[in-house]
Each structure stands twice: as structure tokens, then as C-alpha cells.
$ cat query.pdb   # PDB, C-alpha atoms
ATOM      1  CA  MET A  23     -17.936   2.503  45.266
ATOM      2  CA  MET A  24     -19.074   0.463  42.264
ATOM      3  CA  ARG A  25     -20.268   3.620  40.512
ATOM      4  CA  GLN A  26     -16.899   5.270  41.150
ATOM      5  CA  SER A  27     -15.083   2.236  39.737
ATOM      6  CA  ARG A  28     -17.181   2.344  36.593
ATOM      7  CA  PHE A  29     -16.420   6.036  36.178
ATOM      8  CA  LEU A  30     -12.694   5.369  36.472
ATOM      9  CA  TYR A  31     -13.012   2.557  33.931
ATOM     10  CA  VAL A  32     -14.670   4.924  31.439
ATOM     11  CA  LEU A  33     -11.923   7.490  31.986
ATOM     12  CA  LEU A  34      -9.266   4.863  31.347
ATOM     13  CA  CYS A  35     -10.989   3.805  28.118
ATOM     14  CA  VAL A  36     -11.122   7.413  26.910
ATOM     15  CA  ALA A  37      -7.462   7.916  27.806
ATOM     16  CA  ALA A  38      -6.511   4.732  25.936
ATOM     17  CA  SER A  39      -8.437   5.890  22.897
ATOM     18  CA  ILE A  40      -6.513   9.166  22.860
ATOM     19  CA  LEU A  41      -3.175   7.498  23.570
ATOM     20  CA  PHE A  42      -3.482   4.867  20.856
ATOM     21  CA  GLY A  43      -5.215   7.006  18.296
ATOM     22  CA  PHE A  44      -8.598   5.274  18.339
ATOM     23  CA  SER A  45     -10.396   7.850  16.289
ATOM     24  CA  SER A  46     -12.069   7.834  12.942
ATOM     25  CA  PRO A  47     -10.099   9.433  10.093
ATOM     26  CA  ASP A  48     -10.958  13.030   9.187
ATOM     27  CA  LYS A  49     -12.497  11.726   6.002
ATOM     28  CA  THR A  50     -13.304   8.296   4.680
ATOM     29  CA  LYS A  51     -10.946   7.393   1.886
ATOM     30  CA  LYS A  52     -12.033   6.040  -1.453
ATOM     31  CA  ALA A  53      -8.910   5.004  -3.293
ATOM     32  CA  THR A  54      -7.754   3.536  -6.557
ATOM     33  CA  TRP A  55      -4.435   2.508  -8.101
ATOM     34  CA  ILE A  56      -2.966   4.019 -11.283
ATOM     35  CA  TRP A  57      -0.155   1.790 -12.486
ATOM     36  CA  GLN A  58       0.549   3.658 -15.739
ATOM     37  CA  ALA A  59       2.197   7.013 -15.048
ATOM     38  CA  GLU A  60       1.714   8.024 -18.684
ATOM     39  CA  LEU A  61      -2.024   8.329 -18.071
ATOM     40  CA  ILE A  62      -1.699  11.415 -15.858
ATOM     41  CA  ASP A  63      -0.466  13.367 -18.865
ATOM     42  CA  ALA A  64      -2.564  12.040 -21.754
ATOM     43  CA  LYS A  65      -5.697  11.341 -19.672
ATOM     44  CA  ARG A  66      -5.389  13.828 -16.819
ATOM     45  CA  GLN A  67      -8.833  15.412 -17.188
ATOM     46  CA  ASP A  68     -10.438  12.003 -17.732
ATOM     47  CA  ILE A  69      -8.895  10.753 -14.480
ATOM     48  CA  LEU A  70      -9.949  13.805 -12.473
ATOM     49  CA  GLY A  71     -13.448  13.732 -13.937
ATOM     50  CA  PHE A  72     -13.784  10.036 -13.145
ATOM     51  CA  ALA A  73     -12.539  10.666  -9.615
ATOM     52  CA  LYS A  74     -15.151  13.368  -9.061
ATOM     53  CA  GLN A  75     -17.913  11.186 -10.503
ATOM     54  CA  ASN A  76     -17.008   8.223  -8.293
ATOM     55  CA  GLY A  77     -16.023   9.977  -5.087
ATOM     56  CA  ILE A  78     -12.338   9.040  -5.323
ATOM     57  CA  ASN A  79     -10.218  11.097  -2.926
ATOM     58  CA  THR A  80      -7.022   9.025  -2.799
ATOM     59  CA  ILE A  81      -4.885   7.849  -5.733
ATOM     60  CA  TYR A  82      -1.960   5.455  -5.478
ATOM     61  CA  LEU A  83       0.112   6.614  -8.457
ATOM     62  CA  ARG A  84       2.985   4.510  -9.747
ATOM     63  CA  ILE A  85       6.073   6.652 -10.052
ATOM     64  CA  GLU A  86       8.368   6.287 -13.048
ATOM     65  CA  ARG A  87      11.522   7.812 -11.694
ATOM     66  CA  GLN A  88      13.070   8.443 -15.079
ATOM     67  CA  LYS A  89      10.445  11.113 -15.737
ATOM     68  CA  PRO A  90      11.377  14.657 -14.640
ATOM     69  CA  PHE A  91       9.746  16.225 -11.597
ATOM     70  CA  ASP A  92       7.936  18.707 -13.835
ATOM     71  CA  TYR A  93       6.005  15.830 -15.396
ATOM     72  CA  TYR A  94       4.161  15.180 -12.117
ATOM     73  CA  ARG A  95       3.553  18.748 -10.924
ATOM     74  CA  PRO A  96       0.425  19.566 -13.018
ATOM     75  CA  PHE A  97      -1.382  16.406 -11.977
ATOM     76  CA  LEU A  98      -0.503  16.825  -8.305
ATOM     77  CA  GLN A  99      -1.635  20.434  -8.369
ATOM     78  CA  GLU A 100      -4.968  19.699 -10.059
ATOM     79  CA  ALA A 101      -5.622  16.609  -7.946
ATOM     80  CA  HIS A 102      -5.072  18.550  -4.725
ATOM     81  CA  ALA A 103      -7.312  21.355  -5.966
ATOM     82  CA  ALA A 104     -10.010  18.679  -6.405
ATOM     83  CA  GLY A 105      -9.483  17.365  -2.865
ATOM     84  CA  ILE A 106      -7.579  14.223  -3.924
ATOM     85  CA  GLU A 107      -4.535  12.879  -2.102
ATOM     86  CA  VAL A 108      -1.792  11.366  -4.275
ATOM     87  CA  HIS A 109       0.470   8.667  -2.854
ATOM     88  CA  ALA A 110       3.580   7.487  -4.696
ATOM     89  CA  LEU A 111       3.115   3.823  -5.598
ATOM     90  CA  GLY A 112       5.770   1.211  -6.181
ATOM     91  CA  GLY A 113       6.331  -2.468  -5.791
ATOM     92  CA  HIS A 114       7.682  -5.720  -7.138
ATOM     93  CA  PRO A 115       7.841  -9.207  -5.588
ATOM     94  CA  ALA A 116      11.628  -9.006  -5.507
ATOM     95  CA  TRP A 117      11.490  -5.938  -3.249
ATOM     96  CA  ALA A 118      10.947  -8.398  -0.408
ATOM     97  CA  LEU A 119      14.537  -9.609  -0.763
ATOM     98  CA  ALA A 120      17.503  -7.954   0.933
ATOM     99  CA  SER A 121      19.333  -7.817  -2.390
ATOM    100  CA  HIS A 122      16.647  -5.482  -3.762
ATOM    101  CA  ARG A 123      16.299  -3.181  -0.742
ATOM    102  CA  GLY A 124      18.145  -0.421  -2.561
ATOM    103  CA  ARG A 125      15.588  -0.410  -5.391
ATOM    104  CA  MET A 126      12.790  -0.038  -2.845
ATOM    105  CA  LEU A 127      14.501   2.760  -0.938
ATOM    106  CA  ASP A 128      15.156   4.584  -4.212
ATOM    107  CA  LEU A 129      11.417   5.299  -4.346
ATOM    108  CA  LEU A 130      11.629   7.117  -1.008
ATOM    109  CA  ASP A 131      14.701   9.015  -2.124
ATOM    110  CA  TRP A 132      12.866  10.157  -5.265
ATOM    111  CA  VAL A 133       9.803  11.288  -3.266
ATOM    112  CA  SER A 134      12.006  13.147  -0.777
ATOM    113  CA  ARG A 135      13.842  15.005  -3.530
ATOM    114  CA  TYR A 136      10.624  15.762  -5.399
ATOM    115  CA  ASN A 137       8.833  17.114  -2.321
ATOM    116  CA  SER A 138      11.815  19.231  -1.294
ATOM    117  CA  GLU A 139      11.619  21.070  -4.630
ATOM    118  CA  ALA A 140       7.814  21.202  -4.970
ATOM    119  CA  ASP A 141       5.388  23.847  -3.768
ATOM    120  CA  ALA A 142       3.043  22.735  -0.987
ATOM    121  CA  LYS A 143       0.150  22.271  -3.427
ATOM    122  CA  GLU A 144       2.275  19.972  -5.603
ATOM    123  CA  ARG A 145       3.741  17.652  -2.981
ATOM    124  CA  ILE A 146       3.168  13.912  -2.734
ATOM    125  CA  ASP A 147       1.045  12.970   0.279
ATOM    126  CA  GLY A 148       2.344   9.477   0.968
ATOM    127  CA  VAL A 149       4.125   6.381  -0.267
ATOM    128  CA  HIS A 150       2.300   3.121  -0.912
ATOM    129  CA  LEU A 151       3.872  -0.288  -1.469
ATOM    130  CA  ASP A 152       2.546  -3.362  -3.247
ATOM    131  CA  ILE A 153       4.977  -6.216  -2.670
ATOM    132  CA  GLU A 154       3.775  -9.778  -3.230
ATOM    133  CA  PRO A 155       6.687 -12.117  -2.438
ATOM    134  CA  TYR A 156       4.507 -15.229  -2.636
ATOM    135  CA  LEU A 157       5.082 -14.930  -6.390
ATOM    136  CA  LEU A 158       8.789 -15.608  -5.936
ATOM    137  CA  PRO A 159      10.134 -19.168  -6.269
ATOM    138  CA  GLU A 160      11.913 -18.640  -2.944
ATOM    139  CA  TRP A 161       8.538 -18.407  -1.193
ATOM    140  CA  ASN A 162       7.970 -22.110  -1.870
ATOM    141  CA  THR A 163      11.478 -23.233  -0.965
ATOM    142  CA  ASP A 164      12.297 -21.085   2.103
ATOM    143  CA  GLN A 165       9.306 -19.001   3.183
ATOM    144  CA  ALA A 166      10.787 -18.213   6.594
ATOM    145  CA  GLU A 167      13.870 -16.646   5.035
ATOM    146  CA  VAL A 168      11.783 -14.575   2.616
ATOM    147  CA  LEU A 169       9.659 -13.345   5.510
ATOM    148  CA  LYS A 170      12.754 -12.445   7.500
ATOM    149  CA  GLN A 171      14.177 -10.389   4.638
ATOM    150  CA  TRP A 172      10.814  -8.858   3.755
ATOM    151  CA  THR A 173      10.044  -7.610   7.264
ATOM    152  CA  ALA A 174      13.576  -6.214   7.545
ATOM    153  CA  ASN A 175      13.080  -4.355   4.262
ATOM    154  CA  MET A 176       9.719  -2.987   5.401
ATOM    155  CA  LYS A 177      11.194  -1.826   8.695
ATOM    156  CA  ALA A 178      14.029  -0.033   6.876
ATOM    157  CA  PHE A 179      11.559   1.547   4.457
ATOM    158  CA  VAL A 180       9.254   2.898   7.159
ATOM    159  CA  GLU A 181      12.127   4.144   9.318
ATOM    160  CA  GLN A 182      13.509   6.115   6.386
ATOM    161  CA  ALA A 183      10.042   7.425   5.485
ATOM    162  CA  ARG A 184       9.676   8.796   9.025
ATOM    163  CA  ASN A 185      12.274  11.423   8.146
ATOM    164  CA  ASP A 186       9.283  13.281   6.698
ATOM    165  CA  PRO A 187       6.550  13.241   9.377
ATOM    166  CA  ALA A 188       3.999  14.584   6.863
ATOM    167  CA  LEU A 189       4.385  11.542   4.625
ATOM    168  CA  GLU A 190       1.783   8.794   5.113
ATOM    169  CA  VAL A 191       3.238   5.294   4.705
ATOM    170  CA  SER A 192       1.043   2.402   3.615
ATOM    171  CA  THR A 193       1.030  -0.978   1.932
ATOM    172  CA  ASP A 194      -1.262  -3.508   0.278
ATOM    173  CA  LEU A 195      -1.960  -6.581   2.373
ATOM    174  CA  ALA A 196      -3.309 -10.002   1.451
ATOM    175  CA  VAL A 197      -6.159 -11.112   3.721
ATOM    176  CA  TRP A 198      -4.623 -14.537   4.332
ATOM    177  CA  PHE A 199      -1.493 -13.120   5.998
ATOM    178  CA  ASP A 200      -3.241 -13.532   9.356
ATOM    179  CA  ASN A 201      -2.322 -17.219   9.098
ATOM    180  CA  ILE A 202       1.418 -16.611   8.734
ATOM    181  CA  PRO A 203       3.659 -16.154  11.794
ATOM    182  CA  VAL A 204       6.538 -13.688  11.681
ATOM    183  CA  PRO A 205       9.864 -15.491  12.180
ATOM    184  CA  GLY A 206      11.601 -14.398  15.368
ATOM    185  CA  VAL A 207       8.605 -12.440  16.689
ATOM    186  CA  ALA A 208       6.635 -14.367  19.280
ATOM    187  CA  ASP A 209       2.872 -14.691  18.889
ATOM    188  CA  THR A 210       2.685 -12.213  15.990
ATOM    189  CA  THR A 211       1.123 -12.837  12.598
ATOM    190  CA  LEU A 212       2.318 -11.113   9.451
ATOM    191  CA  SER A 213      -0.966  -9.175   9.283
ATOM    192  CA  GLU A 214      -0.476  -7.802  12.805
ATOM    193  CA  TRP A 215       3.146  -6.917  12.135
ATOM    194  CA  MET A 216       2.274  -5.052   8.919
ATOM    195  CA  ILE A 217      -0.692  -3.232  10.462
ATOM    196  CA  ASP A 218       1.458  -2.138  13.389
ATOM    197  CA  THR A 219       4.321  -1.017  11.145
ATOM    198  CA  PHE A 220       2.442   1.136   8.615
ATOM    199  CA  ASP A 221       0.099   4.106   8.982
ATOM    200  CA  HIS A 222      -2.554   2.276   7.031
ATOM    201  CA  VAL A 223      -2.909  -0.951   5.111
ATOM    202  CA  THR A 224      -5.142  -1.647   2.136
ATOM    203  CA  LEU A 225      -6.620  -5.114   2.499
ATOM    204  CA  MET A 226      -7.042  -6.926  -0.795
ATOM    205  CA  ALA A 227     -10.435  -8.403   0.129
ATOM    206  CA  TYR A 228     -11.163  -9.387  -3.440
ATOM    207  CA  ARG A 229     -14.641 -10.887  -3.306
ATOM    208  CA  ASP A 230     -17.881  -9.892  -5.029
ATOM    209  CA  SER A 231     -20.121 -10.010  -1.944
ATOM    210  CA  VAL A 232     -20.010  -8.626   1.572
ATOM    211  CA  ASP A 233     -21.935 -11.567   3.042
ATOM    212  CA  GLY A 234     -21.136 -15.232   3.493
ATOM    213  CA  PRO A 235     -18.324 -17.211   5.124
ATOM    214  CA  ASN A 236     -16.024 -16.254   2.229
ATOM    215  CA  GLY A 237     -17.398 -12.726   1.846
ATOM    216  CA  ILE A 238     -15.660  -9.413   2.374
ATOM    217  CA  GLU A 239     -16.807  -8.872   5.959
ATOM    218  CA  ALA A 240     -15.651 -12.313   7.075
ATOM    219  CA  LEU A 241     -12.286 -11.919   5.332
ATOM    220  CA  VAL A 242     -11.379  -8.620   7.002
ATOM    221  CA  SER A 243     -12.817  -9.004  10.497
ATOM    222  CA  ASP A 244      -9.595 -10.238  12.109
ATOM    223  CA  GLU A 245      -7.466  -7.489  10.576
ATOM    224  CA  LEU A 246      -9.925  -4.766  11.580
ATOM    225  CA  GLY A 247      -9.921  -6.123  15.121
ATOM    226  CA  ILE A 248      -6.125  -5.986  15.197
ATOM    227  CA  ALA A 249      -6.089  -2.444  13.797
ATOM    228  CA  ASP A 250      -8.716  -1.364  16.344
ATOM    229  CA  ARG A 251      -6.442  -2.575  19.110
ATOM    230  CA  LEU A 252      -3.337  -0.941  17.620
ATOM    231  CA  GLY A 253      -4.992   2.351  16.667
ATOM    232  CA  LYS A 254      -4.167   2.003  12.968
ATOM    233  CA  GLN A 255      -6.248   2.452   9.808
ATOM    234  CA  VAL A 256      -7.467  -0.071   7.258
ATOM    235  CA  LEU A 257      -8.894   0.377   3.772
ATOM    236  CA  VAL A 258     -10.908  -2.493   2.320
ATOM    237  CA  ALA A 259     -10.270  -3.059  -1.383
ATOM    238  CA  VAL A 260     -12.232  -4.841  -4.102
ATOM    239  CA  ASN A 261     -11.283  -5.862  -7.623
ATOM    240  CA  VAL A 262     -12.856  -5.129 -11.029
ATOM    241  CA  LYS A 263     -10.388  -6.890 -13.302
ATOM    242  CA  GLU A 264     -11.786  -9.797 -15.321
ATOM    243  CA  MET A 265     -10.903 -13.051 -13.557
ATOM    244  CA  PRO A 266     -12.321 -15.844 -15.759
ATOM    245  CA  SER A 267     -11.239 -18.710 -13.505
ATOM    246  CA  GLN A 268     -12.008 -16.918 -10.215
ATOM    247  CA  ARG A 269     -15.127 -14.879 -10.868
ATOM    248  CA  HIS A 270     -15.959 -14.575  -7.185
ATOM    249  CA  THR A 271     -12.858 -12.378  -6.749
ATOM    250  CA  SER A 272     -14.024  -9.552  -9.006
ATOM    251  CA  PHE A 273     -17.022  -7.324  -9.780
ATOM    252  CA  TYR A 274     -16.249  -7.554 -13.484
ATOM    253  CA  GLU A 275     -19.289  -9.748 -14.125
ATOM    254  CA  GLU A 276     -21.648  -7.877 -11.777
ATOM    255  CA  GLY A 277     -20.820  -4.378 -13.026
ATOM    256  CA  PRO A 278     -20.300  -0.994 -11.339
ATOM    257  CA  GLU A 279     -23.793  -0.537  -9.880
ATOM    258  CA  VAL A 280     -23.675  -3.809  -7.955
ATOM    259  CA  MET A 281     -20.137  -2.996  -6.816
ATOM    260  CA  GLU A 282     -21.174   0.419  -5.480
ATOM    261  CA  ARG A 283     -24.071  -1.100  -3.557
ATOM    262  CA  GLN A 284     -21.718  -3.634  -2.002
ATOM    263  CA  LEU A 285     -19.193  -0.906  -1.156
ATOM    264  CA  ASP A 286     -21.961   1.070   0.547
ATOM    265  CA  LEU A 287     -22.775  -2.054   2.533
ATOM    266  CA  VAL A 288     -19.085  -2.441   3.430
ATOM    267  CA  GLU A 289     -19.110   1.071   4.889
ATOM    268  CA  LYS A 290     -22.324   0.482   6.845
ATOM    269  CA  ARG A 291     -21.137  -2.842   8.261
ATOM    270  CA  LEU A 292     -17.535  -1.941   9.020
ATOM    271  CA  SER A 293     -17.830   1.661  10.198
ATOM    272  CA  LYS A 294     -18.335   0.268  13.718
ATOM    273  CA  HIS A 295     -14.577  -0.345  13.703
ATOM    274  CA  PRO A 296     -12.515   2.741  14.664
ATOM    275  CA  SER A 297      -9.840   1.455  12.286
ATOM    276  CA  PHE A 298     -12.060   1.371   9.194
ATOM    277  CA  ALA A 299     -10.798   4.194   6.964
ATOM    278  CA  GLY A 300     -12.613   3.552   3.691
ATOM    279  CA  THR A 301     -12.572   1.490   0.523
ATOM    280  CA  ALA A 302     -10.472   1.052  -2.593
ATOM    281  CA  VAL A 303     -11.014  -0.327  -6.097
ATOM    282  CA  HIS A 304      -8.302  -2.062  -8.113
ATOM    283  CA  ASP A 305      -7.584  -0.458 -10.454
ATOM    284  CA  TYR A 306      -8.402   2.785 -12.290
ATOM    285  CA  ARG A 307      -8.070   1.453 -15.842
ATOM    286  CA  TYR A 308     -10.253  -1.580 -15.241
ATOM    287  CA  TRP A 309     -12.737   0.445 -13.200
ATOM    288  CA  GLN A 310     -13.000   3.124 -15.874
ATOM    289  CA  SER A 311     -13.460   0.495 -18.557
ATOM    290  CA  LEU A 312     -16.128  -1.248 -16.484
ATOM    291  CA  ASN A 313     -18.142   1.972 -16.402
ATOM    292  CA  GLN A 314     -18.286   2.210 -20.186
ATOM    293  CA  THR A 315     -21.403   0.967 -21.990
ATOM    294  CA  GLU A 316     -19.305  -1.394 -24.027
ATOM    295  CA  THR A 317     -16.278  -2.816 -22.299
ATOM    296  CA  PRO A 318     -13.406  -3.277 -24.748
ATOM    297  CA  PRO A 319     -10.558  -5.579 -23.798
ATOM    298  CA  ILE A 320      -7.749  -3.648 -22.156
ATOM    299  CA  GLN A 321      -4.477  -3.903 -24.008
ATOM    300  CA  PRO A 322      -1.334  -4.066 -21.871
ATOM    301  CA  LEU A 323       0.656  -0.847 -21.695
ATOM    302  CA  PRO A 324       4.452  -0.788 -21.601
ATOM    303  CA  HIS A 325       4.559   0.004 -17.897
ATOM    304  CA  ASP A 326       1.869  -2.310 -16.568
ATOM    305  CA  LYS A 327       2.700  -3.617 -13.125
ATOM    306  CA  PRO A 328       4.212  -7.103 -13.520
ATOM    307  CA  LEU A 329       2.996 -10.272 -11.885
ATOM    308  CA  HIS A 330      -0.002  -8.865 -10.003
ATOM    309  CA  THR A 331      -2.253 -11.612  -8.621
ATOM    310  CA  CYS A 332      -4.719  -9.562  -6.596
ATOM    311  CA  GLY A 333      -3.328 -10.761  -3.284
ATOM    312  CA  MET A 334      -4.551 -14.316  -3.759
ATOM    313  CA  ARG A 335      -2.785 -17.623  -3.424
ATOM    314  CA  MET A 336      -1.946 -19.087  -6.810
TER     315      MET A 336
END
$ encode --input "query.pdb" --output "C-alpha cells"
Amino acid sequence: MMRQSRFLYVLLCVAASILFGFSSPDKTKKATWIWQAELIDAKRQDILGFAKQNGINTIYLRIERQKPFDYYRPFLQEAHAAGIEVHALGGHPAWALASHRGRMLDLLDWVSRYNSEADAKERIDGVHLDIEPYLLPEWNTDQAEVLKQWTANMKAFVEQARNDPALEVSTDLAVWFDNIPVPGVADTTLSEWMIDTFDHVTLMAYRDSVDGPNGIEALVSDELGIADRLGKQVLVAVNVKEMPSQRHTSFYEEGPEVMERQLDLVEKRLSKHPSFAGTAVHDYRYWQSLNQTETPPIQPLPHDKPLHTCGMRM
């Protein structure tokens, strides 16, 4: 009788795994962000060569909607030929507010129109958001209201994205959101709500070591546990931008070889989680510069993403 009960328990566990999608992704992602759309024209071969050299198979590419569709087709085609997914990237702190929902949904409208006119080998694979409302003054004066508007915007965004079942929907996520409750949703943290809402989240675990109480593994353990339970996917991201006052948040000082060893350790340690889907490095320009023998200071480009704080409290 006991043996039969154990057998039934195993069957139930297998059924739950199938039902909730508890399976490893077909391939482990290694992602990076490209915030300057102009680079895919002037530096296309450099980007693709760098991706091949560093095992990058996912690019979050900021979309400048004023550019014609034909501007993006060559890069999408060559990236796909190299086995690289390209996800349309957009975001601004103000996109968390109801008054800016239209701007956020415009990104989806652009992707939908682009994909409807593109050949299969040129289509965008997903949409990826980076919205950091804790940079808004409203966050300090009425956080609950900002959260209410932000989650409503995210829900509207994902619901509209589901009109294209082939489109993967994801977002960046600060690791400290597991301490923030969602207004009006009982016993649910912001991390859990976001993980449940999106296909995958990219955790901004910006530390320069896997180990320690403030290391990468400790920072992401709760979120990976949540994603395991919900059958969702998580990428774990690190930072290579120079952070003079917060050196522990970047591999700028340690260099690319140390970073790669730590990323290998991340994969070994975290692959026990069904939800672990890979790693990411923020961002391409800083990463590429870090790999040069001499690292020149990076000059801001006209379309640099504004107000990015690497997912950390200021």
C-alpha cells in the first residue's frame, strides 16, 4: 500500500511538471542589451562577431520607431542566421504611469506591424521591457499608487502581446522587488506578480561574485524558487558598466575573464532550478569595451537609455 502511494505521488509530480511547464528551456540563453539602434547598421558585423565570440544567443534591441522597417530587416536576418533571437526593447520610468500607457503600447503596435510585413527569417522574436519607476518622484510620495498603475499597465501590455502567441514577453526585474507587496493582491510580492505575468524575467542581480550573503546566488534564490513553482523562466543578469561608488555591482574592475568564470559558476549553481534559463550581461557597448585591451571612456550617444540605475535603490 505504501509503495502504491509513493508511485501515485511520483505520477502526480510528473503530471504537475507537465501542467505547469516545469521543464528546462530548449537552450540556455545568454543575452545582452543594445540600447543604441544605430549600432546595428554601422556596427552590424562587429555585433554579430562579438555575439559569436561570447556565446550570445539573445539580444534585447531598443527599437527606434521613427526608423523604417527596412532598417531592421538586415540585422534580424543575419542575427537569425547566426542562431540569435532578437527581442524588441523599450522602457522608461514614466511607462509605469497610466498617463503613459499609450507610449508603452505603441511599442507592441510597431512590432505587430513590422512582423506582419516581414518574412519569417526577419521577424522579431519577443518584446522586452525595462521600466524602473523607483526613479520617479511619485515613487517616494505615493508608492502604492505607482504600483497600482504600473501593474495595470503591465497587465494591459501582456494581454495585448498575447494576440501574437509566437511573441515572447519579458521584463527586467530588480532583485529587491520581493520585499514589495502588490496593492490589492493578497499575499503577493511584486516579484511573484511579475514572474507570473511574463514569459521570462531578467533579474538584475548586479554583483561581482556568486558567493556571500550579498552575492548573486543569495540575491536570486527567492525569485528562482517562485519561478520554479509557477513554471516560468528566469535569466540572471550581471553588469559591466563602471560604477565608481558601487564597485561591487559591476565586473568593470575585475574584467571579462573573471566575469565569465563567475557566469559559469552561476550556471553550475543555479541549473538545479527548472526555471533557470540562462544569463545576461548589461550591456553590449560596455561589455564590448571591457573586452578591449585598452578601455576608452564611452561617450554618450544621442539615443542612450535615460536614467538607468541598474535596478538598484538610489
$ resolve_selection --input "query.pdb" --expression "the PyMOL selection byres ((chain A and resi 52) around 8)" --output "short mmCIF file (atom, residue, chain, number, x, y, z; two decimals) with C-alpha atoms, keeping the file's coordinate frame"
data_model
loop_
_atom_site.label_atom_id
_atom_site.label_comp_id
_atom_site.auth_asym_id
_atom_site.auth_seq_id
_atom_site.Cartn_x
_atom_site.Cartn_y
_atom_site.Cartn_z
CA THR A 50 -13.30 8.30 4.68
CA LYS A 51 -10.95 7.39 1.89
CA ALA A 53 -8.91 5.00 -3.29
CA THR A 54 -7.75 3.54 -6.56
CA GLY A 77 -16.02 9.98 -5.09
CA ILE A 78 -12.34 9.04 -5.32
CA ASN A 79 -10.22 11.10 -2.93
CA THR A 80 -7.02 9.02 -2.80
CA GLY A 300 -12.61 3.55 3.69
CA THR A 301 -12.57 1.49 0.52
CA ALA A 302 -10.47 1.05 -2.59
CA VAL A 303 -11.01 -0.33 -6.10
#
$ residues_around --input "query.pdb" --residues "range 282-286 of chain A" --least-positions-apart "2" --cutoff "8 Å" --atoms "only C-alpha atoms" --output "number ranges by chain"
A: 230-232, 278-280, 288-290, 301
$ residues_around --input "query.pdb" --residues "range 195-197 of chain A" --least-positions-apart "3" --cutoff "10 Å" --atoms "all atoms listed in the file" --output "number ranges by chain"
A: 151-154, 192, 200-201, 212-213, 216-217, 223-228, 238, 241-245, 256-259, 332-335
$ atom_distance --input "query.pdb" --atom1 "CA of His114 in chain A" --atom2 "CA of Ala64 in chain A"
25.2 Å
$ atom_distance --input "query.pdb" --atom1 "CA of Thr210 in chain A" --atom2 "CA of Val191 in chain A"
20.8 Å
$ residues_around --input "query.pdb" --residues "Gly71 in chain A" --least-positions-apart "4" --cutoff "12 Å" --atoms "only C-alpha atoms" --output "tab-separated table (two decimals) with C-alpha atoms, in the frame of the given file"
chain	number	residue	atom	x	y	z
A	65	LYS	CA	-5.70	11.34	-19.67
A	66	ARG	CA	-5.39	13.83	-16.82
A	67	GLN	CA	-8.83	15.41	-17.19
A	75	GLN	CA	-17.91	11.19	-10.50
A	76	ASN	CA	-17.01	8.22	-8.29
A	77	GLY	CA	-16.02	9.98	-5.09
A	78	ILE	CA	-12.34	9.04	-5.32
A	79	ASN	CA	-10.22	11.10	-2.93
A	100	GLU	CA	-4.97	19.70	-10.06
A	101	ALA	CA	-5.62	16.61	-7.95
A	104	ALA	CA	-10.01	18.68	-6.40
A	106	ILE	CA	-7.58	14.22	-3.92
A	310	GLN	CA	-13.00	3.12	-15.87
$ atom_distance --input "query.pdb" --atom1 "CA of Ile69 in chain A" --atom2 "CA of Leu83 in chain A"
11.6 Å
$ closest_residue --input "query.pdb" --among "A:Ala240, A:Leu287, A:Ile85, A:Ala188" --to "Ala142 in chain A" --atoms "all atoms listed in the file"
A:Ala188
